[in-house]
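Colleague: Let me give you the structure first, and then I'll get to my questions.
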Amino acid sequence: MGRYIVRRTLFAIPTLIVISLIIFAILDLAPGDPTSQLPLTIPAEVRERIRESLGLNDPFLVKWLKWMQLMFINEPLNAIDGIFGTCIGDCENRARIISWSSRAPAMDIIWQRLPQTMWVLGVAFVLGIVIAIPVGVYSAYKQYSWFDNAGTFVTMVGFSVPVFFTGILAILVFSVWLGWFPSFYTTTHVVDWTSWDSIWFQFEQMVMPVTVLSLFNAAALSRFTRASVLDNLNEDYVRTARSKGLRENKVVTTHVMRNSMIPVVTLIALQVPGIFAGAIITETIFRINGLGQLLIISIGQSDVPMVQTLTFMFAFLIVLFNLVADVTYGVMDPRIRYD
Amino acid sequence: MATTHERVEEQRGLQTPGGGEHHRSLRQDVWRQFKKHKGAVVGLFLLGVIVFATIFGPMLYGIDPYAVDTSIANAPPSAEHPFGTDQLGRDLVARVLIGGRISLAVGFAAMLFGLILGSAIGVLSGFFRKLDGPLMRITDLFLALPILPLLLVIIMLWREPLRRTFGEELGIFLLVVFVIGVTSWMQTARVVRGDVLSLKEEEFVLAANSIGTRRRNVIMRHILPNTMSPIMVSAALGVAVAIITESALSFLGLGFPASFPTWGRLLFDGTNYLQLSPMRSIVPGVLISLTVMSVNYIGDGLRDALDPRLRSN
Amino acid sequence: MKKTRLLALLAVLAMVVAACGGTGEETTTTAVTGDDEATTTTSDDTTETTEAPTAGGAGEGGNLLLLQWQAVSQVNAYLSTGTKDLLAGSLVLEPLAEYDPTGAVVPALAAEIPTVENGGISEDLTQITWTLQDGIVWSDGSPLTADDVVFTWEYCSDEATGCQAAGNFVDIVSVEAVDDLTVTVTFEGAKPFPFVAFTGYSSPILQRAQFADCVGEAAVGCTEENFSPVGTGPYMVTEMRPEDTVLYEVNPNYRGFAEGRPFFGTVEIKGGGDAEATARSVLEIGEADYAWNLQVAPEILTPMEAAGIGSIAVNFTSSVEAIRVNQTDPDADPPSEYQGDPREPTGGTNPYFYDNPDLIRALSMAINREELNAVGYGVTGEPTCTFWPVGEEATTTFDWCLTQDVEGANAILDDLGYEDTDGDGIRETPDGLPLEWDYVTSTNAVRQSFQDLIAVYWEQIGVATNMSNEDAGLFFDGTCASDACIWKFFAPLQMYTNSSVGPDAATYFADYQCSAIPTSANSWGGGNIERHCTEEFDSTYEELSVTPLDDPGRIDLIHALQDDVLATSVIPLVNRGTVSAFANTIQGVGDLNGWDSEYWNVEDWTRSE
């Protein structure tokens, strides 16, 4: 098992390097220009000078290697320094990946935006799981009952109606018509857990995106849970357990649940990076200035270093959680042998 | 997931040794089972209606979806224009019908592309031991790519050259189909590979090999037909994913341009007019949802129908 | 009732319902419409004082929430990526002089506006001497000196800084501090309108003490300085979240502080969403005080105002949406190309449009600008027949264009001998060339509507157009990496908006000189995108560039320049206003400023409940 984890981890490194090359190449070929946002009247020499100052005119390989160095060496070092308050090497003058539009370190901006993305998407994700698993298990247990049929229909609707449609309807009804909830998210609000007003404010601004998104997440997950539980309900060991005279409750909670949750937990782990991809659309609709929205505006502004860094972070999360999923699977299911 | 599936395949392999006659009865058997799934039947019917309407609707309806008449701009629903008109006085029914053609075409084309790619890679890596390693590494790599961000970036990048080469409409169409297809084949490939791996050890394949059947024929005649069930289920899900992805891209303003009324684009354009003419976003939104839901139900029905354990129940 | 419904909805969470977010206070106070301010002259010697804010000291007015859907990237005007950043900077940084809503130059940090009469501008128009107001201090308490002005010039003119306003400083030979409060700027040649450098929100004064180590290459690394520059303005940055939010608090060292200005204690600029959503926040929901740059279709924007919470403010400058007519031949090889003597394009002149005022006249006459404006802009636009539609500088020669005249246009084409000889509905020139052209613009709902409508107008006079649209990112891409960019202009007709950065028409018209034509040789740099090149224009421009501002003949020269360009190369359509929305509770804004920061007088803004 230990060797398996090490091997999988080692394999992740070349994967990440290849991914970084793909991302870098795709972006480097992009015809966008960070100066295209400037007024038309700015002379060409000035534009050229700005591009020069951004290091745009280096050859491809030089740019990639520079970026690799920043991404894999400088930024992790900086993160370590930031967390432990240390200073490794020349920490004062360490080069960072700098966003073109804000001229600030890309990682700092990402770090700054993580909270609002996590607040909304994290809560929606957890809430989705909390709703999905009981619904999925009960539907499977009562297969073809009215609960199952209704549940299947609701999850099918939740799964099929795109978030950008439900989100827009929610804003129209609850912000514009009823005026219950704010139509944008205040990122500077720091929740003060001793003040009801503060908690309520955070609650109000989270209600719509969290509801819309958690229902969507729950739909997909409960379908999967139902299928997984159904698979197990038909297994011989369930029949055996029942014939032993175990109470139905016990059969479901101990035997069926334990086995059918293995793929569900794996799927949950695999979905974590998806939270961030989902952020792109949710944050655009609900005006949450989080990571997804940052990606969209960075693409719009041709802020290549920012897009590269963000896309790479998404890729890193995917690789990381694939690893986590594999390992969890191994830990939870002793039948799986790794060689 | 894969383990369950392989187990399923083992059972099915025993039941259907891929003969001609047997195959036929299997198909009827599947259809009989499929019909039992009410949702799937309703889904199939709805999808049929939608496909029919988008193919023949524009001809029958008779109002030009591109005809501009600002004197009737933003008109509410009326007998003449059942869903009202947009800010240029274009009829929404006509636009939704013509837009559905593009959305559905994108959905099916992207699904086919992804499916062919996925099945090919799955079969190759399952059948040829040498190819297995590299192909599965590539699959893993693709699975690790952040799809939506990359889609956005690729579209920004390639929209322009493709438009120049293939013209505005075809260029964007090809690009969207390509990017959706090329980023959605991996699951199919994995499932098909798993199937092929177990089929390869079946007696009928071994028999075919032992009498010297060419590899190509073994794949085409014996392996592929038996991997049809996971492929068909993937196909149904693929259409749903492709339609959602296309509308999401259009919704983010990075899919089809404004002159190209796909459902996603119509919804995106309509959001600003939510209060003035809510039909403009509700109609395409509902159509996207209905289509995706029908396809998902069909997928569900197919899965149940193709699952021998459920079928024998 | 609202509370009970909320509770029902959220019962599970059993939370105490605190005060629900403030919605829709019904205030009927009117605001922000243009009041009757007389056109300001350049001789005002103090910053204008409107009614003093309600009793009480500065900074007691609570929070001012400004929405900018394009979020702020950073606060240093010189590294900005667009107006959005300049606006954020203008609350903190100030220039020597500002433009007021009429385009007149008024003092900011300067004691008065230099003129030839008061000796501030030299007789030969090559030198300008600014005197700073006495006693101005930076927000850190140190005094503002002439040396800071010199530094600002050094900072921006260093090539490695990547300064976006470098164009403002390009013809400056030297900037010298005469004493602590006096600074002299020397230009290469005569500069009749010297109010570009150190004027307006795009070239404010930076503090040497703070930015001394941020010149050149180092500019990019100075994140902290760029996010929170020390300024002389009414506010200081307290928190900067790039592409998201900027928080400010009142600057206690601000020169108006003792008189109770500014009124608002804190300001928040919130980014994100789109124009329509921010408009709704201010006009319908009442969540915010101001929303910027509302490029929203009129039929959406106008009904929002009916909610009675806020109002729309519009200012017209020179943002003219126009069809640009290529004077060179895009079908030649190389296309649209001028090399060597600009009067002899290698690709040849345009077979239809070059020096053909009658055709342009017919095309312009067939257009119904009222309808275009109603469809695209409504109250936020005005039909126009020139590309400088403001003040007395606007030419009236082409005002016939305001009424559509299809018959007249047909008659002109008939007279030209353009007949439809093959019966396909499209006229041909006597040489047999059909009047059918590609017509390109950026991808944008309003522009596509314009294309559709214009295609219909022109169809009525036997002219066909092939409409296409390009992604805005490529269309306006300054590197011209793709062939779609407006500078290459590989099409006969293209449509976009251009506007002047400053209120001086003469500076803006420099773009139509032959020497400003973009070519592959100058990497497509140059503002003369239409390739308009005439002897008359160049000689008139020469004359204008040495004519002092107060010369009575100056206006005639400016008219002559416009007429020359409008005859063959530009078909103006609509003057697009700058549109913003204000909550009705916000007072003291006056006219919306289209030439400078819309926050130029934020210290005078107050709130009345």
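The chains in the structure tokens are called A, B, ... from first to last as shown; in each chain the residues are counted from 1, and the ligands are counted from 1 in the order shown.
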With chain A as the partner and 6 Å as the cut-off, tabulate the residues of chain B that qualify, each row holding the nearest pair of atoms and their distance in Å to one decimal, using only C-alpha atoms, sorted by chain and rising number, as a tab-separated table.
Modeller:
residue	atom	partner	partner_atom	distance
B:Ala144	CA	A:Ile318	CA	5.5
B:Leu145	CA	A:Ala315	CA	5.5
B:Pro146	CA	A:Ala315	CA	5.2
B:Leu157	CA	A:Ala30	CA	4.9
B:Gly285	CA	A:Phe165	CA	5.9
B:Ser289	CA	A:Val161	CA	4.5
B:Val292	CA	A:Ser160	CA	5.4
B:Met293	CA	A:Ser160	CA	5.1
Colleague: Go ahead and save the residues from that selection, with C-alpha atoms, as an mmCIF file, in the first residue's frame.
Modeller:
data_model
loop_
_atom_site.group_PDB
_atom_site.id
_atom_site.type_symbol
_atom_site.label_atom_id
_atom_site.label_comp_id
_atom_site.auth_asym_id
_atom_site.auth_seq_id
_atom_site.Cartn_x
_atom_site.Cartn_y
_atom_site.Cartn_z
ATOM 1 C CA ALA B 144 -6.421 15.556 -15.167
ATOM 2 C CA LEU B 145 -6.869 18.528 -17.469
ATOM 3 C CA PRO B 146 -9.120 21.270 -16.146
ATOM 4 C CA LEU B 157 -7.541 31.053 -29.310
ATOM 5 C CA GLY B 285 -33.782 27.492 -20.759
ATOM 6 C CA SER B 289 -33.477 21.391 -19.674
ATOM 7 C CA VAL B 292 -31.073 17.116 -21.462
ATOM 8 C CA MET B 293 -33.632 15.503 -19.213
#
Colleague: For chain C against chain B, which residues fall within 12 Å using only C-alpha atoms, given as number ranges by chain?
Modeller: C: 273-280, 284, 295-304, 371-376, 442-457, 467-475, 481-485
Colleague: May I have the residues of chain C within 6 Å of chain A, counting only C-alpha atoms, written as a VMD selection string?
Modeller: chain C and resid 18 73 to 74 81 to 82 160 162 220 223 244 272 to 273 476 to 478 481 525
Colleague: Record the distance separating CA of Phe56 (chain B) and CA of His37 (chain B), expressed in Å with one decimal.
Modeller: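 Distance between the two atoms: 28.5 Å.
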Colleague: Using Å and a single decimal, report how far CA of Asp438 (chain C) sits from CA of Gly167 (chain B).
Modeller: 13.8 Å
Colleague: Do a neighbour search on Glu536 (chain C) at 12 Å with only C-alpha atoms, toss out local chain neighbours closer than 4 positions, and write the hits as a PyMOL selection string.
Modeller: chain C and resi 512-514+532+540-543+557+560-565
Colleague: Please produce a file of the residues just selected, as a PDB file, in the first residue's frame, where the atoms kept are C-alpha atoms.
Modeller:
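What follows is the written file result_29.pdb:
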ATOM      1  CA  TYR C 512      -5.852  62.020 -39.766  1.00  0.00           C
ATOM      2  CA  GLN C 513      -2.505  63.212 -41.048  1.00  0.00           C
ATOM      3  CA  CYS C 514      -0.930  61.140 -43.823  1.00  0.00           C
ATOM      4  CA  HIS C 532      -7.345  59.453 -45.047  1.00  0.00           C
ATOM      5  CA  THR C 540      -4.443  72.944 -42.408  1.00  0.00           C
ATOM      6  CA  TYR C 541      -3.258  70.824 -39.535  1.00  0.00           C
ATOM      7  CA  GLU C 542       0.206  72.393 -39.737  1.00  0.00           C
ATOM      8  CA  GLU C 543      -1.401  75.782 -39.413  1.00  0.00           C
ATOM      9  CA  LEU C 557      -9.486  75.532 -39.000  1.00  0.00           C
ATOM     10  CA  ALA C 560     -12.161  72.605 -42.108  1.00  0.00           C
ATOM     11  CA  LEU C 561     -10.278  69.556 -40.813  1.00  0.00           C
ATOM     12  CA  GLN C 562     -13.481  67.738 -39.890  1.00  0.00           C
ATOM     13  CA  ASP C 563     -15.117  68.565 -43.209  1.00  0.00           C
ATOM     14  CA  ASP C 564     -12.142  67.198 -45.098  1.00  0.00           C
ATOM     15  CA  VAL C 565     -12.288  63.843 -43.298  1.00  0.00           C
TER      16      VAL C 565
END
Colleague: One decimal, Å: what's the distance from CA of Asp431 (chain C) over to CA of Gly417 (chain C), could you say?
Modeller: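 Taking CA of Asp431 (chain C) as the start and CA of Gly417 (chain C) as the end point, the length is 10.0 Å.
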Colleague: Skip region 180-183 of chain C itself and residues of its chain fewer than 3 positions away, then list as a ChimeraX atom specification all residues within 7 Å of it, counting only C-alpha atoms.
Modeller: /C:129-132,145-146,175-177
Colleague: Mind the document's chain letters and residue numbers, and return as JSON, numbers by chain the residues of region 55-284 of chain B that DSSP labels helix (DSSP H, G or I).
Modeller: {"B": [55, 56, 57, 58, 59, 60, 61, 70, 71, 72, 92, 93, 94, 95, 96, 97, 98, 99, 100, 101, 102, 103, 104, 105, 106, 107, 108, 109, 110, 111, 112, 113, 114, 115, 116, 117, 118, 119, 120, 121, 122, 123, 124, 125, 126, 127, 129, 130, 131, 132, 133, 134, 135, 136, 137, 138, 139, 140, 141, 142, 143, 144, 147, 148, 149, 150, 151, 152, 153, 154, 155, 156, 157, 158, 159, 160, 161, 162, 163, 164, 165, 166, 168, 169, 170, 171, 172, 173, 174, 175, 176, 177, 178, 179, 180, 181, 182, 186, 187, 188, 189, 190, 191, 192, 193, 194, 195, 196, 197, 198, 199, 200, 203, 204, 205, 206, 207, 208, 209, 210, 215, 216, 217, 218, 219, 220, 221, 222, 223, 224, 225, 226, 228, 229, 230, 231, 232, 233, 234, 235, 236, 237, 238, 239, 240, 241, 242, 243, 244, 245, 246, 247, 248, 249, 250, 251, 263, 264, 265, 266, 267, 268, 269, 270, 271, 279, 280, 281, 282, 283, 284]}
Colleague: List the spatial neighbours of Gly133 (chain B) as number ranges by chain - criterion: any atom at most 12 Å away, only C-alpha atoms, same-chain residues fewer than 5 positions off excluded.
Modeller: B: 121-122, 124-128, 138-140, 193
Colleague: Give me, as a ChimeraX atom specification, all polymer residues having an atom no more than 7 Å from Ala506 (chain C), counting only C-alpha atoms and skipping those fewer than 3 positions away in the same chain.
Modeller: /C:509-510,558
Colleague: Skip Val233 (chain B) itself and residues of its chain fewer than 6 positions away, then list as a ChimeraX atom specification all residues within 9 Å of it, counting only C-alpha atoms.
Modeller: /B:298-300,302-303,306
Colleague: Please, could you write that set of residues out with N, CA and C atoms as a short mmCIF file (atom, residue, chain, number, x, y, z; two decimals), in the first residue's frame?
Modeller:
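Ended up saving to part.cif:
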data_model
loop_
_atom_site.label_atom_id
_atom_site.label_comp_id
_atom_site.auth_asym_id
_atom_site.auth_seq_id
_atom_site.Cartn_x
_atom_site.Cartn_y
_atom_site.Cartn_z
N ILE B 298 -33.45 8.61 -21.20
CA ILE B 298 -33.18 7.55 -22.18
C ILE B 298 -31.96 6.76 -21.75
N GLY B 299 -30.93 7.51 -21.29
CA GLY B 299 -29.71 6.85 -20.82
C GLY B 299 -30.01 5.90 -19.67
N ASP B 300 -30.85 6.38 -18.75
CA ASP B 300 -31.24 5.56 -17.61
C ASP B 300 -31.94 4.29 -18.06
N LEU B 302 -31.81 2.88 -20.96
CA LEU B 302 -30.87 2.01 -21.68
C LEU B 302 -30.04 1.21 -20.69
N ARG B 303 -29.58 1.91 -19.66
CA ARG B 303 -28.73 1.24 -18.69
C ARG B 303 -29.49 0.09 -18.04
N LEU B 306 -30.05 -2.72 -20.53
CA LEU B 306 -28.86 -3.46 -20.93
C LEU B 306 -28.24 -4.23 -19.77
#
